[in-house]
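> One structure, pasted below without further comment.
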Amino acid sequence: MAPLNVASVRVAFPALQSGFLFADNAGGSQCLSTVVERISDYLLNTNVQLGADYPVSISSTSRVAEGAEAARELFNATSTDEIAYGSSSTMLIENLARAMEADVIEGEEIIVTGEHESNAGPWKKLAARRGAIIKIWHATQLSSAPNNPYAVGLQLDSLLPLITSKTRLVAFTACSNILGTVVPVAEVVRAIRERAQELGVRKVEVCVDCVAYAPHRRIDVRGWDVDYCYFSMYKVYGPHTSILYVRSATLRALSSLAHHFLDVSDKPYKLQPGGPGYELVYGCTAVPPYLRSLTPSGDLGDAFDAITSHEQALLTPLLTFLRDQADRGVRIVGEEQTVLARVPTVSFVVVGDRRIDSKDVVKAFDKKGDIGIRYGHFYAYTLVDSLRPALNVDDGVVRISLVHYNTVDEVNKIIAVLKEVLA
Ligand SMILES: Cc1ncc(COP(=O)(O)O)c(C=O)c1O
């Protein structure tokens with residue numbers, strides 16, 4: 001596999017030329033110049049309503065259709081009829097929960113995780129409206145680091161006992177935006193479906209949050225056999241808009257949120273009450289070509305392999321440094337032993353006699369003025385709250401989140417600041 005040419009990667013992101021070290025990428029990545037060019041081109045040249053027969057409208061209609069095709073490719077979905085756009089992932093799942101409402105029976109069970117609330121809150125509200133029951137698949141202690149109580153992760157063994165004959169939906173993250181761990185989605189879905197079949201479940205569906213996964217790994221909704229999958233393009237080098245995959249057969253069973261006179265029974269438009277930002281949808285069409293350009297084969301799978309390999313080279317020195325600070329009170333929150341099933345989103349706390357609040361660690365970085373990192377619970381509130389009493393949800397964790405355009409030199413610069421803070 002050809003290694004990533006990070007120097008040429010960085011040229012594609014004008015913001016990187018400022019020299020600022022962007023290390024809060026799990027909050028939002030930098031945007032490709034080609035995305036910005038397309039947004040601008042749409043607004044300056046084809047900013048008319050879709051669906052009319054005059055030439056500019058024909059052009060805007062086909063540009064928005066290209067946006068659906070870009071999303072289809074990123075999800076590896078079968079058809080653009082399985083793609084809905086929306087202003088945020090949170091809003092898309094809130095809408096999805098409303099569209100599913102009529103098909104949730106009192107007493108049925110919905111399993112959510114303590115991860116980002118976007119894939120929990122809408123289901124909790126749906127359960128409250130329908131008399132369904134919420135169960136939580138908690139992250140539990142990893143055997144790889146028995147001495148670190150913060151080394152937790154989502155483990156299949158903790159999920160399986162939660163599945164009963166009443167399970168209606170399992171909603172989980174493909175990657176935690178705090179722990180950085182990659183969940184083996186295909187394996188988890190297979191186990192859910194097998195157990196559900198054994199128990200004679202009426203209907204079980206799976207909704208996967210790929211927001212923290214999509215910048216780092218190839219999504220494969222078909223191979224994974226999921227019903228719903230979503231992520232936010234502003235974390236994947238694009239604009240502030242989000243995309244949702246809904247399996248065709250599943251889509252038909254959902255209620256429509258669109259106007260009553262629109263015939264949308266098998267169209268994703270039923271989840272888009274009103275048009276998404278068309279210029280943003282068109283802007284997204286620049287993301288797959290960028291990813292394909294990263295390796296000679298032009299294959300998305302190869303691109304993500306190259307990204308993974310470079311990101312693991314970023315992770316290794318950072319994880320090693322943090323692990324070596326155990327005596328100083330540094331505790332990695334999440335898997336600490338291996339970079340293999342991990343993306344370069346690294347969270348930690350400083351505990352013990354010389355504890356340092358997460359906000360004070362970040363303050364030291366902010367004072368430098370040229371590095372962006374962040375502290376908090378990052379909306380994975382239940383996960384962080386479950387790590388009490390040592391971890392306080394207001395202070396949360398320190399999170400350093402890198403992507404493929406970051407360099408090993410940047411990691412060394414971060415480590416140098418950490419050394420000062422911990423001295
Ligand atoms: C893992 C994860 N899921 C969901 C979201 C929510 O995305 P949005 O801001 O598009 O609602 C985020 C945002 O940080 C996230 O990190």
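FYI, nothing fancy with the structure tokens labels: chains A, B, ... in order, residues from 1 per chain, ligands from 1 as they appear.
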List as number ranges by chain the protein and nucleic acid residues lying within 6 Å of ligand 1, with only C-alpha atoms and all ligand atoms counted.
A: 27, 88-90, 116, 118, 176-177, 209, 211-212, 232, 242
> For the selection just defined, write its residues with N, CA and C atoms to a file, as a PDB file, in the first residue's frame.

ATOM      1  N   GLY A  27     -14.083  17.392  16.929  1.00  0.00           N
ATOM      2  CA  GLY A  27     -15.115  18.428  17.019  1.00  0.00           C
ATOM      3  C   GLY A  27     -15.504  18.908  15.620  1.00  0.00           C
ATOM      4  N   SER A  88     -27.852  18.571  10.696  1.00  0.00           N
ATOM      5  CA  SER A  88     -26.906  17.977  11.655  1.00  0.00           C
ATOM      6  C   SER A  88     -27.279  16.514  11.854  1.00  0.00           C
ATOM      7  N   SER A  89     -26.344  15.760  12.375  1.00  0.00           N
ATOM      8  CA  SER A  89     -26.647  14.353  12.691  1.00  0.00           C
ATOM      9  C   SER A  89     -27.713  14.285  13.766  1.00  0.00           C
ATOM     10  N   THR A  90     -27.604  15.161  14.738  1.00  0.00           N
ATOM     11  CA  THR A  90     -28.569  15.164  15.843  1.00  0.00           C
ATOM     12  C   THR A  90     -29.980  15.353  15.304  1.00  0.00           C
ATOM     13  N   HIS A 116     -22.100   9.457  22.343  1.00  0.00           N
ATOM     14  CA  HIS A 116     -22.703  10.745  21.968  1.00  0.00           C
ATOM     15  C   HIS A 116     -24.234  10.682  21.988  1.00  0.00           C
ATOM     16  N   SER A 118     -26.533  11.975  20.481  1.00  0.00           N
ATOM     17  CA  SER A 118     -27.327  12.016  19.235  1.00  0.00           C
ATOM     18  C   SER A 118     -27.983  10.671  18.930  1.00  0.00           C
ATOM     19  N   SER A 176     -16.125   5.635  19.289  1.00  0.00           N
ATOM     20  CA  SER A 176     -16.428   6.608  20.341  1.00  0.00           C
ATOM     21  C   SER A 176     -15.692   7.916  20.080  1.00  0.00           C
ATOM     22  N   ASN A 177     -16.383   9.053  20.289  1.00  0.00           N
ATOM     23  CA  ASN A 177     -15.705  10.349  20.106  1.00  0.00           C
ATOM     24  C   ASN A 177     -14.866  10.720  21.323  1.00  0.00           C
ATOM     25  N   ASP A 209     -23.991   5.190  14.705  1.00  0.00           N
ATOM     26  CA  ASP A 209     -23.424   6.546  14.642  1.00  0.00           C
ATOM     27  C   ASP A 209     -21.998   6.432  14.110  1.00  0.00           C
ATOM     28  N   VAL A 211     -20.225   9.191  13.150  1.00  0.00           N
ATOM     29  CA  VAL A 211     -19.650  10.549  13.108  1.00  0.00           C
ATOM     30  C   VAL A 211     -18.161  10.537  13.469  1.00  0.00           C
ATOM     31  N   ALA A 212     -17.789   9.776  14.500  1.00  0.00           N
ATOM     32  CA  ALA A 212     -16.380   9.777  14.913  1.00  0.00           C
ATOM     33  C   ALA A 212     -15.567   8.723  14.160  1.00  0.00           C
ATOM     34  N   SER A 232     -21.575  13.275  10.084  1.00  0.00           N
ATOM     35  CA  SER A 232     -21.599  14.713   9.789  1.00  0.00           C
ATOM     36  C   SER A 232     -20.441  15.060   8.861  1.00  0.00           C
ATOM     37  N   SER A 242     -25.157  16.996   7.250  1.00  0.00           N
ATOM     38  CA  SER A 242     -25.013  15.615   7.700  1.00  0.00           C
ATOM     39  C   SER A 242     -25.808  14.670   6.811  1.00  0.00           C
TER      40      SER A 242
END
> Would you list, as a CSV table (one decimal) with N, CA and C atoms, in the first residue's frame, the residues of segment 214-416 of chain A that end up in strand (DSSP E) under DSSP run on this structure's backbone?

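The result, stored in states_21.csv:
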chain,number,residue,atom,x,y,z
A,228,TYR,N,-29.7,1.7,9.7
A,228,TYR,CA,-29.6,3.2,9.7
A,228,TYR,C,-28.1,3.5,10.1
A,229,CYS,N,-27.5,4.5,9.4
A,229,CYS,CA,-26.2,4.9,9.6
A,229,CYS,C,-26.0,6.3,9.3
A,230,TYR,N,-25.3,7.1,10.1
A,230,TYR,CA,-25.2,8.5,9.8
A,230,TYR,C,-23.8,9.1,10.2
A,231,PHE,N,-23.5,10.2,9.6
A,231,PHE,CA,-22.4,11.0,10.1
A,231,PHE,C,-22.5,12.5,9.5
A,232,SER,N,-21.6,13.3,10.1
A,232,SER,CA,-21.6,14.7,9.8
A,232,SER,C,-20.4,15.1,8.9
A,242,SER,N,-25.2,17.0,7.2
A,242,SER,CA,-25.0,15.6,7.7
A,242,SER,C,-25.8,14.7,6.8
A,243,ILE,N,-25.4,13.4,6.8
A,243,ILE,CA,-26.1,12.4,6.0
A,243,ILE,C,-26.5,11.2,6.7
A,244,LEU,N,-27.6,10.7,6.3
A,244,LEU,CA,-28.2,9.5,6.9
A,244,LEU,C,-28.5,8.4,5.9
A,245,TYR,N,-28.1,7.2,6.1
A,245,TYR,CA,-28.4,6.1,5.3
A,245,TYR,C,-29.6,5.3,5.9
A,246,VAL,N,-30.6,5.0,5.1
A,246,VAL,CA,-31.7,4.2,5.6
A,246,VAL,C,-31.8,3.1,4.5
A,330,VAL,N,-1.3,10.3,35.0
A,330,VAL,CA,-2.0,10.4,33.7
A,330,VAL,C,-2.7,9.0,33.5
A,331,ARG,N,-4.0,9.1,33.2
A,331,ARG,CA,-4.8,7.9,32.9
A,331,ARG,C,-5.4,8.1,31.5
A,332,ILE,N,-5.1,7.2,30.6
A,332,ILE,CA,-5.8,7.3,29.3
A,332,ILE,C,-7.2,6.8,29.5
A,333,VAL,N,-8.1,7.5,28.9
A,333,VAL,CA,-9.5,7.1,29.0
A,333,VAL,C,-9.9,6.3,27.7
A,345,THR,N,-8.0,9.7,18.3
A,345,THR,CA,-8.8,10.5,19.2
A,345,THR,C,-8.4,10.0,20.6
A,346,VAL,N,-7.6,10.8,21.3
A,346,VAL,CA,-7.0,10.3,22.6
A,346,VAL,C,-7.5,11.2,23.7
A,347,SER,N,-8.1,10.6,24.7
A,347,SER,CA,-8.6,11.3,25.9
A,347,SER,C,-7.9,10.8,27.1
A,348,PHE,N,-7.7,11.7,28.0
A,348,PHE,CA,-7.0,11.3,29.3
A,348,PHE,C,-7.4,12.3,30.4
A,349,VAL,N,-7.1,11.8,31.6
A,349,VAL,CA,-7.2,12.7,32.8
A,349,VAL,C,-6.0,12.6,33.6
A,350,VAL,N,-5.8,13.6,34.5
A,350,VAL,CA,-4.6,13.6,35.4
A,350,VAL,C,-5.1,13.5,36.8
A,371,ILE,N,-2.2,26.1,19.3
A,371,ILE,CA,-2.7,24.7,19.2
A,371,ILE,C,-4.1,24.6,19.8
A,372,GLY,N,-5.0,23.9,19.1
A,372,GLY,CA,-6.4,23.8,19.5
A,372,GLY,C,-6.7,22.4,20.0
A,374,ARG,N,-9.2,20.4,23.4
A,374,ARG,CA,-10.4,20.7,24.2
A,374,ARG,C,-10.7,19.8,25.3
A,375,TYR,N,-11.4,20.2,26.3
A,375,TYR,CA,-11.8,19.3,27.4
A,375,TYR,C,-13.3,19.3,27.5
A,376,GLY,N,-13.8,18.3,28.2
A,376,GLY,CA,-15.3,18.2,28.5
A,376,GLY,C,-15.8,16.8,28.3
A,397,VAL,N,-12.8,15.1,30.2
A,397,VAL,CA,-11.5,14.6,29.8
A,397,VAL,C,-10.8,15.6,29.0
A,398,VAL,N,-9.5,15.5,28.9
A,398,VAL,CA,-8.7,16.3,27.9
A,398,VAL,C,-8.7,15.4,26.6
A,399,ARG,N,-9.1,16.0,25.5
A,399,ARG,CA,-9.1,15.3,24.3
A,399,ARG,C,-8.2,15.9,23.2
A,400,ILE,N,-7.4,15.0,22.7
A,400,ILE,CA,-6.5,15.4,21.6
A,400,ILE,C,-7.0,14.6,20.4
A,401,SER,N,-7.5,15.3,19.4
A,401,SER,CA,-8.0,14.4,18.3
A,401,SER,C,-7.4,14.9,16.9
> Each residue of segment 111-226 of chain A lying at most 12 Å from segment 285-289 of chain A should get a row with its shortest atom-to-atom pair and the distance in Å to one decimal, counting only C-alpha atoms; could you produce that, ordered by chain and increasing number, as JSON lines?

{"residue": "A:Ala214", "atom": "CA", "partner": "A:Val287", "partner_atom": "CA", "distance": 11.8}
{"residue": "A:Pro215", "atom": "CA", "partner": "A:Val287", "partner_atom": "CA", "distance": 10.8}
{"residue": "A:Arg218", "atom": "CA", "partner": "A:Pro288", "partner_atom": "CA", "distance": 11.4}
> Generate the output file for the selected residues, all heavy atoms, as an mmCIF file, in the first residue's frame.

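Listing of result37.cif after writing:
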data_model
loop_
_atom_site.group_PDB
_atom_site.id
_atom_site.type_symbol
_atom_site.label_atom_id
_atom_site.label_comp_id
_atom_site.auth_asym_id
_atom_site.auth_seq_id
_atom_site.Cartn_x
_atom_site.Cartn_y
_atom_site.Cartn_z
ATOM 1 N N ALA A 214 -16.209 8.056 10.568
ATOM 2 C CA ALA A 214 -16.127 8.345 9.126
ATOM 3 C C ALA A 214 -14.850 9.057 8.672
ATOM 4 O O ALA A 214 -14.413 8.826 7.543
ATOM 5 C CB ALA A 214 -17.359 9.144 8.695
ATOM 6 N N PRO A 215 -14.219 9.917 9.490
ATOM 7 C CA PRO A 215 -12.983 10.552 8.997
ATOM 8 C C PRO A 215 -11.818 9.577 8.915
ATOM 9 O O PRO A 215 -10.793 9.897 8.313
ATOM 10 C CB PRO A 215 -12.679 11.623 10.059
ATOM 11 C CG PRO A 215 -13.896 11.738 10.900
ATOM 12 C CD PRO A 215 -14.623 10.436 10.803
ATOM 13 N N ARG A 218 -13.293 3.259 6.396
ATOM 14 C CA ARG A 218 -14.296 3.063 5.342
ATOM 15 C C ARG A 218 -15.582 2.527 5.963
ATOM 16 O O ARG A 218 -15.570 1.525 6.703
ATOM 17 C CB ARG A 218 -13.754 2.047 4.333
ATOM 18 C CG ARG A 218 -14.712 1.671 3.203
ATOM 19 C CD ARG A 218 -14.611 2.655 2.087
ATOM 20 N NE ARG A 218 -15.336 2.232 0.894
ATOM 21 C CZ ARG A 218 -16.448 2.837 0.450
ATOM 22 N NH1 ARG A 218 -16.988 3.832 1.126
ATOM 23 N NH2 ARG A 218 -17.012 2.442 -0.686
#
> Taking 4 positions as the minimum chain separation for residues in the same chain, which residues sit within 12 Å of Leu294 of chain A when counting only C-alpha atoms? Answer as a PyMOL selection string.
chain A and resi 1-10+12+287-290+298-307+310+404-405
> Can I get the selected residues back with C-alpha atoms, as an mmCIF file, in the first residue's frame?

data_model
loop_
_atom_site.group_PDB
_atom_site.id
_atom_site.type_symbol
_atom_site.label_atom_id
_atom_site.label_comp_id
_atom_site.auth_asym_id
_atom_site.auth_seq_id
_atom_site.Cartn_x
_atom_site.Cartn_y
_atom_site.Cartn_z
ATOM 1 C CA MET A 1 0.000 0.000 0.000
ATOM 2 C CA ALA A 2 1.350 3.438 -0.959
ATOM 3 C CA PRO A 3 1.953 5.653 2.084
ATOM 4 C CA LEU A 4 0.069 8.904 2.392
ATOM 5 C CA ASN A 5 1.822 11.952 0.967
ATOM 6 C CA VAL A 6 1.032 14.213 3.899
ATOM 7 C CA ALA A 7 2.708 17.273 2.355
ATOM 8 C CA SER A 8 0.383 17.170 -0.637
ATOM 9 C CA VAL A 9 -2.593 16.303 1.594
ATOM 10 C CA ARG A 10 -1.999 19.498 3.562
ATOM 11 C CA ALA A 12 -5.717 20.630 -0.047
ATOM 12 C CA VAL A 287 -15.036 14.787 -0.679
ATOM 13 C CA PRO A 288 -15.008 11.364 -2.446
ATOM 14 C CA PRO A 289 -12.715 12.572 -5.278
ATOM 15 C CA TYR A 290 -10.320 13.965 -2.672
ATOM 16 C CA GLY A 298 -8.188 5.615 -6.682
ATOM 17 C CA ASP A 299 -10.039 3.197 -4.450
ATOM 18 C CA LEU A 300 -11.805 4.451 -1.324
ATOM 19 C CA GLY A 301 -10.861 1.345 0.661
ATOM 20 C CA ASP A 302 -7.177 1.889 -0.178
ATOM 21 C CA ALA A 303 -7.501 5.564 0.759
ATOM 22 C CA PHE A 304 -8.796 4.682 4.206
ATOM 23 C CA ASP A 305 -6.077 2.039 4.615
ATOM 24 C CA ALA A 306 -3.472 4.722 3.906
ATOM 25 C CA ILE A 307 -5.214 7.097 6.319
ATOM 26 C CA HIS A 310 -0.584 7.263 8.864
ATOM 27 C CA HIS A 404 -4.622 12.240 8.522
ATOM 28 C CA TYR A 405 -3.471 15.785 7.753
#
> Nearest to Arg247 of chain A among A:Gln17, A:Thr46, A:Thr80, A:Ser59, with distances taken over only C-alpha atoms: which residue is it?
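Smallest distance to Arg247 of chain A is found for A:Thr80.
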> Can you pull out the residues contacting Thr382 of chain A? Cut-off 12 Å, using only C-alpha atoms, and skip same-chain residues under 6 positions away; I want them as a list in words.
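Within the cut-off, the hits are Val112, Thr113, Gly114, Glu115, His116, Glu117, Ser118, Asn119, Ala120, Gly121, Ile136, Trp137, His138, Ala139, Ile178, Arg388, Leu391, Asn392, Val393, Asp394 and Gly396 of chain A.
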> Out of A:Asn76, A:Leu50, A:Lys125, A:Leu383, which residue has the shortest atom-to-atom distance to Gly334 of chain A when counting only C-alpha atoms?
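Using only C-alpha atoms, the shortest distance to Gly334 of chain A belongs to A:Leu383.
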> Give me, please, the distance in Å between atom CA of Arg72 of chain A and atom CA of Trp224 of chain A, quoted to one decimal.
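Pair atom CA of Arg72 of chain A / atom CA of Trp224 of chain A returns 14.7 Å.
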> What lies within 12 Å of Glu101 of chain A using only C-alpha atoms, ignoring chain neighbours under 2 positions off, as a list in words?
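In the requested format, the answer is Glu94, Asn95, Leu96, Ala97, Arg98, Ala99, Asp103, Val104, Ile105, Glu106, Glu108, Pro122, Trp123, Lys124, Lys125, Leu126, Ala127, Ala128, Arg129, Arg130, Gly131, Ala132, Arg168, Leu169, Ala253, Leu254, Ser255, Ser256 and Leu257 of chain A.
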> So, counting only C-alpha atoms, which residue among A:Glu311, A:Asp266, A:Asp53, A:Glu187 is closest to Arg217 of chain A?
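The answer is A:Glu311, which sits nearest to Arg217 of chain A.
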> Between A:Ala15, A:Leu418, A:Val351, A:Ile93, which is the closest to Leu318 of chain A once you count only C-alpha atoms?
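The shortest atom-to-atom distance to Leu318 of chain A comes from A:Leu418.
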> Between atom CA of Arg222 of chain A and atom CA of Gly283 of chain A, what is the spacing in Å?
25.0 Å
> Tell me, in Å to one decimal, how far atom CA of Met91 of chain A is from atom CA of Val152 of chain A.
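Between these atoms lies a distance of 28.5 Å.
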> Neighbouring residues of Ala52 of chain A were defined as those with any atom within 12 Å, considering only C-alpha atoms; residues of the same chain fewer than 6 positions away were excluded. Please report them as a list in words.
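Residues near the query, excluding close chain neighbours: Ile58, Ser59, Ser60, Thr61 and Ser62 of chain A.
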> Find, counting only C-alpha atoms, the residue in A:Gly19, A:Gly274, A:Pro161, A:Gly329 that gets nearest to Arg195 of chain A.
A:Pro161
> Tell me which of A:Phe261, A:Asp81, A:Asp157, A:Cys31 sits closest to Gly67 of chain A, counting only C-alpha atoms.
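Looking at the shortest contact to Gly67 of chain A, the residue is A:Asp81.
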